[in-house]
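Okay, so here's the structure we're looking at.
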Amino acid sequence: MSPDTKVAVQVDGRTLTLTNLGKVLYPDSGFTKAEVLDYYQRVAPALLPHIAGRPLTLKRYPEGVAGEAFFQKHVTAHRPDWIRTARVDSESSRARGASVTYLVVDDLPALIWAANLAGLELHVPMWRMPRVREPDLLVFDLDPGAPANIVDCCRVAQDLRPMLAADGFAPLAKTSGGKGLQLYAPIAGVTSEQASDRAREYAERLEREQPRRAVSRMTKALRTGKVLIDWSQNNGSKTTVAPYSLRARQFPTVSTPVSWDEVAACRQPQDLFFTAEKVLDRVATRGDLFAPMLSGS
(Lines give C-alpha, C1' and ligand atoms only; values in the text may rest on other atoms or scores of the structure.)
Protein backbone atom coordinates (compact mmCIF):
# COMPACT_ATOMS: atom_id res chain seq x y z
CA MET A 1 0.00 0.00 0.00
CA SER A 2 1.37 3.40 -0.98
CA PRO A 3 2.04 5.69 2.00
CA ASP A 4 -0.11 8.42 0.48
CA THR A 5 -3.15 6.17 -0.08
CA LYS A 6 -6.51 7.84 0.44
CA VAL A 7 -9.61 5.76 0.99
CA ALA A 8 -13.20 6.93 1.39
CA VAL A 9 -15.06 4.74 3.88
CA GLN A 10 -18.42 4.55 5.58
CA VAL A 11 -18.23 4.21 9.35
CA ASP A 12 -21.62 3.72 10.99
CA GLY A 13 -23.24 5.89 8.35
CA ARG A 14 -20.59 8.63 8.38
CA THR A 15 -18.31 9.22 5.39
CA LEU A 16 -14.61 9.54 6.23
CA THR A 17 -11.56 9.94 4.03
CA LEU A 18 -8.67 8.01 5.51
CA THR A 19 -5.21 9.23 4.51
CA ASN A 20 -1.60 8.03 4.45
CA LEU A 21 -2.68 4.51 5.34
CA GLY A 22 0.64 2.94 4.39
CA LYS A 23 2.69 5.36 6.49
CA VAL A 24 4.79 3.60 9.14
CA LEU A 25 4.11 5.29 12.48
CA TYR A 26 6.13 2.84 14.63
CA PRO A 27 9.41 2.35 12.72
CA ASP A 28 10.86 -0.39 14.94
CA SER A 29 7.88 -2.67 14.41
CA GLY A 30 6.66 -1.44 11.02
CA PHE A 31 3.23 -0.67 12.51
CA THR A 32 1.38 1.49 9.99
CA LYS A 33 -1.36 4.05 10.19
CA ALA A 34 -3.74 1.50 8.69
CA GLU A 35 -2.93 -0.80 11.60
CA VAL A 36 -3.51 2.04 14.08
CA LEU A 37 -6.95 2.62 12.57
CA ASP A 38 -7.69 -1.09 12.57
CA TYR A 39 -6.74 -1.35 16.24
CA TYR A 40 -8.99 1.53 17.26
CA GLN A 41 -11.88 0.18 15.17
CA ARG A 42 -11.61 -3.25 16.80
CA VAL A 43 -11.04 -2.08 20.39
CA ALA A 44 -13.76 0.59 20.20
CA PRO A 45 -16.49 -1.41 22.02
CA ALA A 46 -14.23 -1.60 25.09
CA LEU A 47 -12.64 1.83 24.77
CA LEU A 48 -15.54 4.13 23.91
CA PRO A 49 -17.53 3.78 27.17
CA HIS A 50 -14.47 5.00 29.09
CA ILE A 51 -14.00 8.19 27.08
CA ALA A 52 -17.61 9.02 26.16
CA GLY A 53 -18.58 12.45 27.43
CA ARG A 54 -15.03 13.32 28.43
CA PRO A 55 -13.27 16.26 26.73
CA LEU A 56 -10.46 14.65 24.78
CA THR A 57 -6.89 15.82 24.36
CA LEU A 58 -5.13 14.19 21.43
CA LYS A 59 -1.41 13.61 21.31
CA ARG A 60 -0.66 13.64 17.61
CA TYR A 61 2.30 12.10 15.82
CA PRO A 62 1.95 13.06 12.14
CA GLU A 63 5.48 11.82 11.38
CA GLY A 64 5.26 8.78 13.61
CA VAL A 65 6.58 8.10 17.09
CA ALA A 66 10.13 9.08 16.11
CA GLY A 67 9.01 12.50 14.87
CA GLU A 68 7.77 15.63 16.54
CA ALA A 69 4.53 15.38 18.47
CA PHE A 70 2.07 17.84 19.94
CA PHE A 71 -0.88 17.85 22.32
CA GLN A 72 -4.06 19.16 20.75
CA LYS A 73 -6.67 20.43 23.17
CA HIS A 74 -8.56 22.77 20.83
CA VAL A 75 -10.30 20.61 18.25
CA THR A 76 -9.20 21.45 14.71
CA ALA A 77 -11.44 23.86 12.81
CA HIS A 78 -11.38 21.56 9.79
CA ARG A 79 -13.75 18.90 11.03
CA PRO A 80 -17.03 17.32 9.97
CA ASP A 81 -20.12 19.11 11.20
CA TRP A 82 -21.21 15.97 13.07
CA ILE A 83 -18.16 15.93 15.35
CA ARG A 84 -19.23 16.64 18.94
CA THR A 85 -17.36 19.37 20.80
CA ALA A 86 -17.51 20.85 24.29
CA ARG A 87 -16.42 24.29 25.41
CA VAL A 88 -14.73 24.26 28.80
CA ASP A 89 -13.51 27.29 30.71
CA SER A 90 -9.74 27.18 31.12
CA GLU A 91 -8.15 27.41 34.55
CA SER A 92 -4.68 27.94 33.12
CA SER A 93 -2.90 31.00 34.44
CA ARG A 94 -1.65 31.63 30.90
CA ALA A 95 -5.16 31.64 29.49
CA ARG A 96 -7.19 33.09 32.31
CA GLY A 97 -10.79 33.73 31.32
CA ALA A 98 -10.41 31.81 28.07
CA SER A 99 -12.15 28.60 27.09
CA VAL A 100 -11.07 25.52 25.18
CA THR A 101 -13.22 23.80 22.57
CA TYR A 102 -12.51 20.11 23.00
CA LEU A 103 -13.29 17.11 20.89
CA VAL A 104 -15.69 14.67 22.57
CA VAL A 105 -15.54 11.12 21.23
CA ASP A 106 -18.72 9.17 21.90
CA ASP A 107 -18.87 6.91 18.85
CA LEU A 108 -16.81 4.97 16.34
CA PRO A 109 -16.85 7.55 13.49
CA ALA A 110 -15.42 10.24 15.80
CA LEU A 111 -12.79 7.83 17.12
CA ILE A 112 -11.65 6.88 13.62
CA TRP A 113 -11.66 10.53 12.57
CA ALA A 114 -9.38 11.39 15.50
CA ALA A 115 -7.08 8.43 14.88
CA ASN A 116 -6.80 9.45 11.22
CA LEU A 117 -5.20 12.70 12.43
CA ALA A 118 -2.38 10.48 13.76
CA GLY A 119 -3.89 11.04 17.19
CA LEU A 120 -2.16 7.99 18.61
CA GLU A 121 -2.71 8.83 22.27
CA LEU A 122 -6.06 9.68 23.86
CA HIS A 123 -5.95 11.63 27.12
CA VAL A 124 -9.04 12.44 29.21
CA PRO A 125 -9.86 13.97 32.61
CA MET A 126 -11.51 12.12 35.48
CA TRP A 127 -14.86 13.83 34.83
CA ARG A 128 -17.51 13.89 32.11
CA MET A 129 -19.59 16.62 30.54
CA PRO A 130 -21.64 18.40 31.70
CA ARG A 131 -20.30 17.87 35.24
CA VAL A 132 -17.15 19.90 34.71
CA ARG A 133 -14.47 19.12 37.32
CA GLU A 134 -16.82 16.83 39.25
CA PRO A 135 -14.96 13.53 38.96
CA ASP A 136 -16.47 10.09 38.66
CA LEU A 137 -13.02 8.52 39.02
CA LEU A 138 -10.13 8.77 41.47
CA VAL A 139 -6.69 8.08 39.95
CA PHE A 140 -3.19 7.31 41.21
CA ASP A 141 -0.46 7.45 38.59
CA LEU A 142 2.40 5.24 39.80
CA ASP A 143 5.60 6.42 38.15
CA PRO A 144 8.83 4.51 38.85
CA GLY A 145 12.12 6.35 39.26
CA ALA A 146 14.95 4.27 37.80
CA PRO A 147 16.12 1.70 38.66
CA ALA A 148 12.60 1.02 39.94
CA ASN A 149 10.19 -0.28 37.31
CA ILE A 150 6.62 -1.50 36.88
CA VAL A 151 7.31 -4.44 39.20
CA ASP A 152 7.86 -1.93 42.00
CA CYS A 153 4.70 -0.12 40.93
CA CYS A 154 2.80 -3.38 41.39
CA ARG A 155 4.04 -3.70 44.95
CA VAL A 156 2.98 -0.12 45.72
CA ALA A 157 -0.40 -0.79 44.10
CA GLN A 158 -0.84 -3.80 46.36
CA ASP A 159 -0.09 -1.59 49.37
CA LEU A 160 -2.56 1.07 48.26
CA ARG A 161 -5.37 -1.37 47.55
CA PRO A 162 -6.28 -2.26 51.17
CA MET A 163 -6.05 1.39 52.22
CA LEU A 164 -8.60 2.31 49.57
CA ALA A 165 -10.77 -0.71 50.22
CA ALA A 166 -10.96 0.15 53.93
CA ASP A 167 -12.61 3.43 52.94
CA GLY A 168 -15.07 1.81 50.55
CA PHE A 169 -13.16 2.27 47.30
CA ALA A 170 -12.84 -0.57 44.78
CA PRO A 171 -9.64 0.14 42.84
CA LEU A 172 -8.51 -1.52 39.62
CA ALA A 173 -5.19 -1.27 37.83
CA LYS A 174 -4.06 -0.61 34.29
CA THR A 175 -0.64 -0.23 32.78
CA SER A 176 0.34 3.21 31.58
CA GLY A 177 1.55 1.64 28.35
CA GLY A 178 5.01 2.85 29.33
CA LYS A 179 6.96 2.18 32.51
CA GLY A 180 4.25 2.71 35.08
CA LEU A 181 0.94 1.54 36.49
CA GLN A 182 -2.25 3.44 37.28
CA LEU A 183 -4.94 2.76 39.86
CA TYR A 184 -8.52 3.96 39.35
CA ALA A 185 -11.54 3.82 41.63
CA PRO A 186 -15.08 5.13 41.18
CA ILE A 187 -15.85 8.22 43.22
CA ALA A 188 -18.85 10.55 43.48
CA GLY A 189 -20.06 13.68 45.21
CA VAL A 190 -16.72 15.52 45.29
CA THR A 191 -14.95 18.24 43.36
CA SER A 192 -11.66 17.66 41.60
CA GLU A 193 -9.94 19.63 44.34
CA GLN A 194 -11.44 17.40 47.00
CA ALA A 195 -10.47 14.28 45.05
CA SER A 196 -6.90 15.57 44.76
CA ASP A 197 -6.76 16.20 48.50
CA ARG A 198 -8.07 12.72 49.20
CA ALA A 199 -5.56 11.09 46.85
CA ARG A 200 -2.75 13.12 48.36
CA GLU A 201 -3.63 11.86 51.83
CA TYR A 202 -3.30 8.25 50.68
CA ALA A 203 -0.02 8.97 48.88
CA GLU A 204 1.50 10.72 51.88
CA ARG A 205 0.32 7.97 54.22
CA LEU A 206 1.96 5.28 52.13
CA GLU A 207 5.13 7.35 51.87
CA ARG A 208 5.26 7.46 55.65
CA GLU A 209 4.64 3.72 55.95
CA GLN A 210 6.92 2.66 53.06
CA PRO A 211 9.58 5.41 52.81
CA ARG A 212 12.03 3.19 50.94
CA ARG A 213 9.47 2.23 48.33
CA ALA A 214 7.10 5.17 47.77
CA VAL A 215 7.24 8.94 47.48
CA SER A 216 4.39 11.45 47.19
CA ARG A 217 6.46 14.45 46.12
CA MET A 218 7.49 15.34 42.58
CA THR A 219 11.04 16.37 43.50
CA LYS A 220 13.28 14.35 41.18
CA ALA A 221 16.03 13.96 43.75
CA LEU A 222 13.62 12.06 46.01
CA ARG A 223 12.43 9.62 43.35
CA THR A 224 15.50 7.51 42.54
CA GLY A 225 14.65 3.84 43.01
CA LYS A 226 11.18 4.68 44.34
CA VAL A 227 7.66 4.88 42.96
CA LEU A 228 6.08 8.31 42.76
CA ILE A 229 2.41 8.14 43.71
CA ASP A 230 1.25 11.01 41.53
CA TRP A 231 -1.99 12.16 43.11
CA SER A 232 -2.00 15.43 41.13
CA GLN A 233 -3.62 13.75 38.10
CA ASN A 234 -6.92 14.33 39.91
CA ASN A 235 -6.60 18.05 39.19
CA GLY A 236 -9.67 19.00 37.18
CA SER A 237 -7.56 20.50 34.41
CA LYS A 238 -5.27 17.49 34.01
CA THR A 239 -5.71 14.43 31.87
CA THR A 240 -4.50 10.83 32.02
CA VAL A 241 -4.07 8.40 29.16
CA ALA A 242 -7.34 6.57 28.54
CA PRO A 243 -7.85 2.83 29.00
CA TYR A 244 -7.02 1.04 25.72
CA SER A 245 -5.25 4.06 24.24
CA LEU A 246 -2.14 3.37 22.21
CA ARG A 247 1.10 4.88 23.46
CA ALA A 248 3.79 6.45 21.32
CA ARG A 249 6.62 4.20 22.47
CA GLN A 250 9.12 2.08 20.57
CA PHE A 251 6.37 -0.47 19.97
CA PRO A 252 2.57 0.04 19.74
CA THR A 253 1.95 -0.56 23.43
CA VAL A 254 -1.42 0.07 25.04
CA SER A 255 -2.61 1.37 28.39
CA THR A 256 -4.04 -1.99 29.40
CA PRO A 257 -6.41 -2.94 32.24
CA VAL A 258 -4.99 -5.80 34.28
CA SER A 259 -6.37 -8.03 37.01
CA TRP A 260 -5.20 -7.96 40.60
CA ASP A 261 -3.92 -11.49 40.08
CA GLU A 262 -1.71 -10.20 37.28
CA VAL A 263 -0.48 -7.35 39.50
CA ALA A 264 0.40 -9.82 42.25
CA ALA A 265 2.15 -12.18 39.81
CA CYS A 266 4.26 -9.50 38.10
CA ARG A 267 7.95 -10.28 38.57
CA GLN A 268 9.48 -8.63 35.50
CA PRO A 269 8.43 -5.72 33.28
CA GLN A 270 7.69 -8.06 30.40
CA ASP A 271 4.87 -9.60 32.45
CA LEU A 272 2.78 -6.45 31.96
CA PHE A 273 3.95 -5.47 28.47
CA PHE A 274 1.02 -5.40 26.06
CA THR A 275 0.98 -4.39 22.41
CA ALA A 276 -2.11 -3.66 20.33
CA GLU A 277 -2.37 -7.22 19.02
CA LYS A 278 -2.15 -8.72 22.51
CA VAL A 279 -4.76 -6.32 23.85
CA LEU A 280 -7.24 -7.23 21.12
CA ASP A 281 -6.77 -10.89 22.06
CA ARG A 282 -7.26 -10.05 25.76
CA VAL A 283 -10.48 -8.15 25.12
CA ALA A 284 -11.80 -10.94 22.90
CA THR A 285 -11.19 -13.58 25.56
CA ARG A 286 -11.59 -11.67 28.83
CA GLY A 287 -13.81 -8.72 27.98
CA ASP A 288 -13.25 -5.28 29.48
CA LEU A 289 -11.49 -5.73 32.81
CA PHE A 290 -12.12 -2.03 33.50
CA ALA A 291 -15.91 -2.28 33.13
CA PRO A 292 -16.47 -1.79 36.91
CA MET A 293 -15.15 1.77 36.48
CA LEU A 294 -18.32 2.53 34.48
CA SER A 295 -20.68 1.77 37.36
CA GLY A 296 -21.20 5.42 38.21
CA SER A 297 -21.57 6.60 34.62
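Ordered as shown in the C-alpha coordinates, chains take letters A, B, and onward, while each chain numbers its residues from 1 and ligands are numbered from 1 in the order shown.
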
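Here the strand (DSSP E or B) residues in segment 136-243 of chain A, by DSSP on the backbone, are Leu137, Leu138, Val139, Phe140, Asp141, Leu142, Asp143, Pro144, Leu172, Ala173, Lys174, Thr175, Leu181, Gln182, Leu183, Tyr184, Ala185, Pro186, Ala214, Val215, Val227, Leu228, Ile229, Asp230, Thr240 and Val241 of chain A.
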
Sorted per-residue table, segment 77-174 of chain A near segment 258-264 of chain A, closest atoms and distance, 10 Å, only C-alpha atoms, as CSV:
residue,atom,partner,partner_atom,distance
A:Ile150,CA,A:Val263,CA,9.6
A:Val151,CA,A:Val263,CA,8.3
A:Cys153,CA,A:Val263,CA,9.0
A:Cys154,CA,A:Val263,CA,5.5
A:Arg155,CA,A:Ala264,CA,7.6
A:Ala157,CA,A:Val263,CA,8.0
A:Gln158,CA,A:Ala264,CA,7.4
A:Arg161,CA,A:Trp260,CA,9.6
A:Pro171,CA,A:Trp260,CA,9.5
A:Leu172,CA,A:Trp260,CA,7.3
A:Ala173,CA,A:Val258,CA,5.8
A:Lys174,CA,A:Val258,CA,5.3

TODO: Could you please determine the separation between atom CA of Leu183 of chain A and atom CA of Asn234 of chain A in Å, to one decimal place?
DONE: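 Distance reported for this atom pair: 11.7 Å.
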
TODO: Compile the contact shell of Ala44 of chain A as a list in words: residues with an atom at most 10 Å away, counting only C-alpha atoms, same-chain residues fewer than 2 positions apart removed.
DONE: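 Here the qualifying residues turn out to be Asp38, Tyr39, Tyr40, Gln41, Arg42, Ala46, Leu47, Leu48, Pro49, His50, Asp107, Leu108, Leu111, Ile112 and Tyr244 of chain A.
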
Selected residues written out, all heavy atoms, as a short mmCIF file (atom, residue, chain, number, x, y, z; two decimals), in the first residue's frame:
data_model
loop_
_atom_site.label_atom_id
_atom_site.label_comp_id
_atom_site.auth_asym_id
_atom_site.auth_seq_id
_atom_site.Cartn_x
_atom_site.Cartn_y
_atom_site.Cartn_z
N ASP A 38 -7.09 0.22 12.36
CA ASP A 38 -7.69 -1.09 12.57
C ASP A 38 -7.78 -1.42 14.06
O ASP A 38 -8.79 -1.93 14.54
CB ASP A 38 -6.88 -2.17 11.85
CG ASP A 38 -7.44 -3.57 12.07
OD1 ASP A 38 -8.54 -3.85 11.58
OD2 ASP A 38 -6.76 -4.36 12.76
N TYR A 39 -6.71 -1.10 14.79
CA TYR A 39 -6.74 -1.35 16.24
C TYR A 39 -7.86 -0.57 16.89
O TYR A 39 -8.67 -1.13 17.66
CB TYR A 39 -5.40 -0.96 16.89
CG TYR A 39 -5.51 -0.92 18.40
CD1 TYR A 39 -5.58 -2.10 19.14
CD2 TYR A 39 -5.64 0.29 19.09
CE1 TYR A 39 -5.76 -2.08 20.52
CE2 TYR A 39 -5.82 0.32 20.46
CZ TYR A 39 -5.87 -0.87 21.17
OH TYR A 39 -6.06 -0.84 22.53
N TYR A 40 -7.96 0.72 16.61
CA TYR A 40 -8.99 1.53 17.26
C TYR A 40 -10.40 1.09 16.85
O TYR A 40 -11.34 1.12 17.66
CB TYR A 40 -8.76 3.02 17.01
CG TYR A 40 -7.79 3.62 18.00
CD1 TYR A 40 -6.65 4.30 17.58
CD2 TYR A 40 -7.99 3.49 19.36
CE1 TYR A 40 -5.75 4.85 18.49
CE2 TYR A 40 -7.12 4.02 20.29
CZ TYR A 40 -6.00 4.70 19.85
OH TYR A 40 -5.11 5.21 20.77
N GLN A 41 -10.56 0.67 15.61
CA GLN A 41 -11.88 0.18 15.17
C GLN A 41 -12.26 -1.09 15.94
O GLN A 41 -13.40 -1.23 16.39
CB GLN A 41 -11.83 -0.10 13.66
CG GLN A 41 -13.18 -0.48 13.07
CD GLN A 41 -13.44 -1.97 13.10
OE1 GLN A 41 -12.53 -2.78 12.99
NE2 GLN A 41 -14.70 -2.35 13.26
N ARG A 42 -11.31 -1.97 16.16
CA ARG A 42 -11.61 -3.25 16.80
C ARG A 42 -11.74 -3.14 18.32
O ARG A 42 -12.50 -3.88 18.94
CB ARG A 42 -10.55 -4.29 16.41
CG ARG A 42 -10.58 -4.64 14.93
CD ARG A 42 -9.37 -5.43 14.50
NE ARG A 42 -9.29 -6.73 15.18
CZ ARG A 42 -8.22 -7.52 15.12
NH1 ARG A 42 -7.13 -7.12 14.46
NH2 ARG A 42 -8.23 -8.69 15.74
N ALA A 46 -14.75 -1.68 23.72
CA ALA A 46 -14.23 -1.60 25.09
C ALA A 46 -13.80 -0.20 25.45
O ALA A 46 -13.99 0.26 26.58
CB ALA A 46 -13.05 -2.57 25.26
N LEU A 47 -13.22 0.51 24.51
CA LEU A 47 -12.64 1.83 24.77
C LEU A 47 -13.68 2.93 24.91
O LEU A 47 -13.62 3.74 25.84
CB LEU A 47 -11.66 2.17 23.64
CG LEU A 47 -10.85 3.46 23.73
CD1 LEU A 47 -9.59 3.35 22.85
CD2 LEU A 47 -11.61 4.70 23.31
N LEU A 48 -14.64 2.98 23.99
CA LEU A 48 -15.54 4.13 23.91
C LEU A 48 -16.30 4.43 25.20
O LEU A 48 -16.43 5.60 25.58
CB LEU A 48 -16.52 3.95 22.75
CG LEU A 48 -15.93 4.20 21.36
CD1 LEU A 48 -16.93 3.78 20.28
CD2 LEU A 48 -15.55 5.66 21.17
N PRO A 49 -16.81 3.43 25.93
CA PRO A 49 -17.53 3.78 27.17
C PRO A 49 -16.67 4.53 28.19
O PRO A 49 -17.21 5.29 29.01
CB PRO A 49 -17.96 2.41 27.71
CG PRO A 49 -18.03 1.52 26.51
CD PRO A 49 -16.89 1.98 25.64
N HIS A 50 -15.36 4.35 28.12
CA HIS A 50 -14.47 5.00 29.09
C HIS A 50 -14.16 6.45 28.73
O HIS A 50 -13.77 7.23 29.61
CB HIS A 50 -13.19 4.20 29.24
CG HIS A 50 -13.39 2.84 29.83
ND1 HIS A 50 -13.70 2.65 31.16
CD2 HIS A 50 -13.37 1.61 29.26
CE1 HIS A 50 -13.85 1.34 31.39
NE2 HIS A 50 -13.67 0.70 30.25
N ASP A 107 -18.49 7.97 19.79
CA ASP A 107 -18.87 6.91 18.85
C ASP A 107 -17.69 6.56 17.95
O ASP A 107 -16.65 7.23 17.94
CB ASP A 107 -20.10 7.31 18.04
CG ASP A 107 -19.92 8.62 17.26
OD1 ASP A 107 -18.77 8.99 16.95
OD2 ASP A 107 -20.94 9.27 16.96
N LEU A 108 -17.87 5.48 17.18
CA LEU A 108 -16.81 4.97 16.34
C LEU A 108 -16.39 5.95 15.24
O LEU A 108 -15.18 6.13 15.02
CB LEU A 108 -17.22 3.63 15.74
CG LEU A 108 -16.17 2.94 14.85
CD1 LEU A 108 -14.88 2.67 15.63
CD2 LEU A 108 -16.74 1.65 14.29
N LEU A 111 -14.05 8.45 16.73
CA LEU A 111 -12.79 7.83 17.12
C LEU A 111 -11.89 7.62 15.91
O LEU A 111 -10.69 7.92 15.95
CB LEU A 111 -13.07 6.50 17.82
CG LEU A 111 -11.85 5.68 18.24
CD1 LEU A 111 -11.01 6.43 19.27
CD2 LEU A 111 -12.29 4.33 18.81
N ILE A 112 -12.44 7.11 14.83
CA ILE A 112 -11.65 6.88 13.62
C ILE A 112 -11.19 8.20 13.02
O ILE A 112 -10.05 8.33 12.54
CB ILE A 112 -12.44 6.04 12.60
CG1 ILE A 112 -12.76 4.67 13.20
CG2 ILE A 112 -11.68 5.89 11.30
CD1 ILE A 112 -11.54 3.87 13.63
N TYR A 244 -7.08 1.56 27.08
CA TYR A 244 -7.02 1.04 25.72
C TYR A 244 -6.43 2.01 24.71
O TYR A 244 -6.39 1.70 23.51
CB TYR A 244 -8.40 0.54 25.24
CG TYR A 244 -8.96 -0.52 26.16
CD1 TYR A 244 -10.03 -0.22 27.01
CD2 TYR A 244 -8.41 -1.79 26.20
CE1 TYR A 244 -10.54 -1.19 27.87
CE2 TYR A 244 -8.91 -2.76 27.07
CZ TYR A 244 -9.96 -2.45 27.91
OH TYR A 244 -10.45 -3.40 28.76
#

Task: Residue among A:Leu160, A:Leu120, A:Ala86, A:Val215 lying closest to Lys33 of chain A, counting only C-alpha atoms - done: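 Closest to Lys33 of chain A, using only C-alpha atoms: A:Leu120.
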
- [ ] Determine which residues of segment 234-297 of chain A DSSP labels as alpha helix (DSSP H) from the backbone of this structure, then write them out as a ChimeraX atom specification.
- [x] /A:260-265,276-286

Open item on the list: Just checking: using only C-alpha atoms, which residue out of A:Phe71, A:Val104, A:Glu91, A:Ala118 ends up closest to Leu21 of chain A?
Closed with: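 Looking only at the distances to Leu21 of chain A, the closest residue turns out to be A:Ala118.
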
- [ ] Extract, using only C-alpha atoms, all DNA, RNA and protein residues at most 10 Å from Gly30 of chain A, discarding same-chain residues fewer than 6 positions from it, and format them as a list in words.
- [x]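 Listed by chain and then number, they are Gly22, Lys23, Val24, Phe251 and Pro252 of chain A.
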
Open item on the list: Report, in Å with one decimal, the straight-line distance from atom CA of Ser295 of chain A to atom CA of Ala170 of chain A.
Closed with: 11.0 Å

Open item on the list: As an exercise, work out the distance from atom CA of Val100 of chain A to atom CA of Phe290 of chain A in Å and give it to one decimal place.
Closed with: 28.8 Å

Open item on the list: Taking only C-alpha atoms into account, name the residue in A:Glu193, A:Ser255, A:Thr57, A:Asp288 that is nearest to Ala276 of chain A.
Closed with: A:Ser255

Open item on the list: Residues near segment 128-142 of chain A, anyone? I mean within 9 Å using only C-alpha atoms, not counting same-chain ones fewer than 5 positions away, as a PyMOL selection string.
Closed with: chain A and resi 51-55+86+88+150+153-154+156-157+171+176+180-193+195-196+198-199+203+227-237+240+293-294+296-297

Task: Exercise: Gln250 of chain A partners within 9 Å, only C-alpha atoms, chain neighbours under 5 positions left out, as a PyMOL selection string - done: chain A and resi 26-29+65-66

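Closest approach to Val124 of chain A from the set A:Gly13, A:Pro243, A:Pro292, A:Pro80 is made by A:Pro243, with distances taken over only C-alpha atoms.
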
Open item on the list: Applying 6 Å and only C-alpha atoms, which residues near Leu122 of chain A remain after dropping the ones on its own chain fewer than 5 positions away? List them as an MDAnalysis selection string.
Closed with: chainID A and resid 58 241:242 245
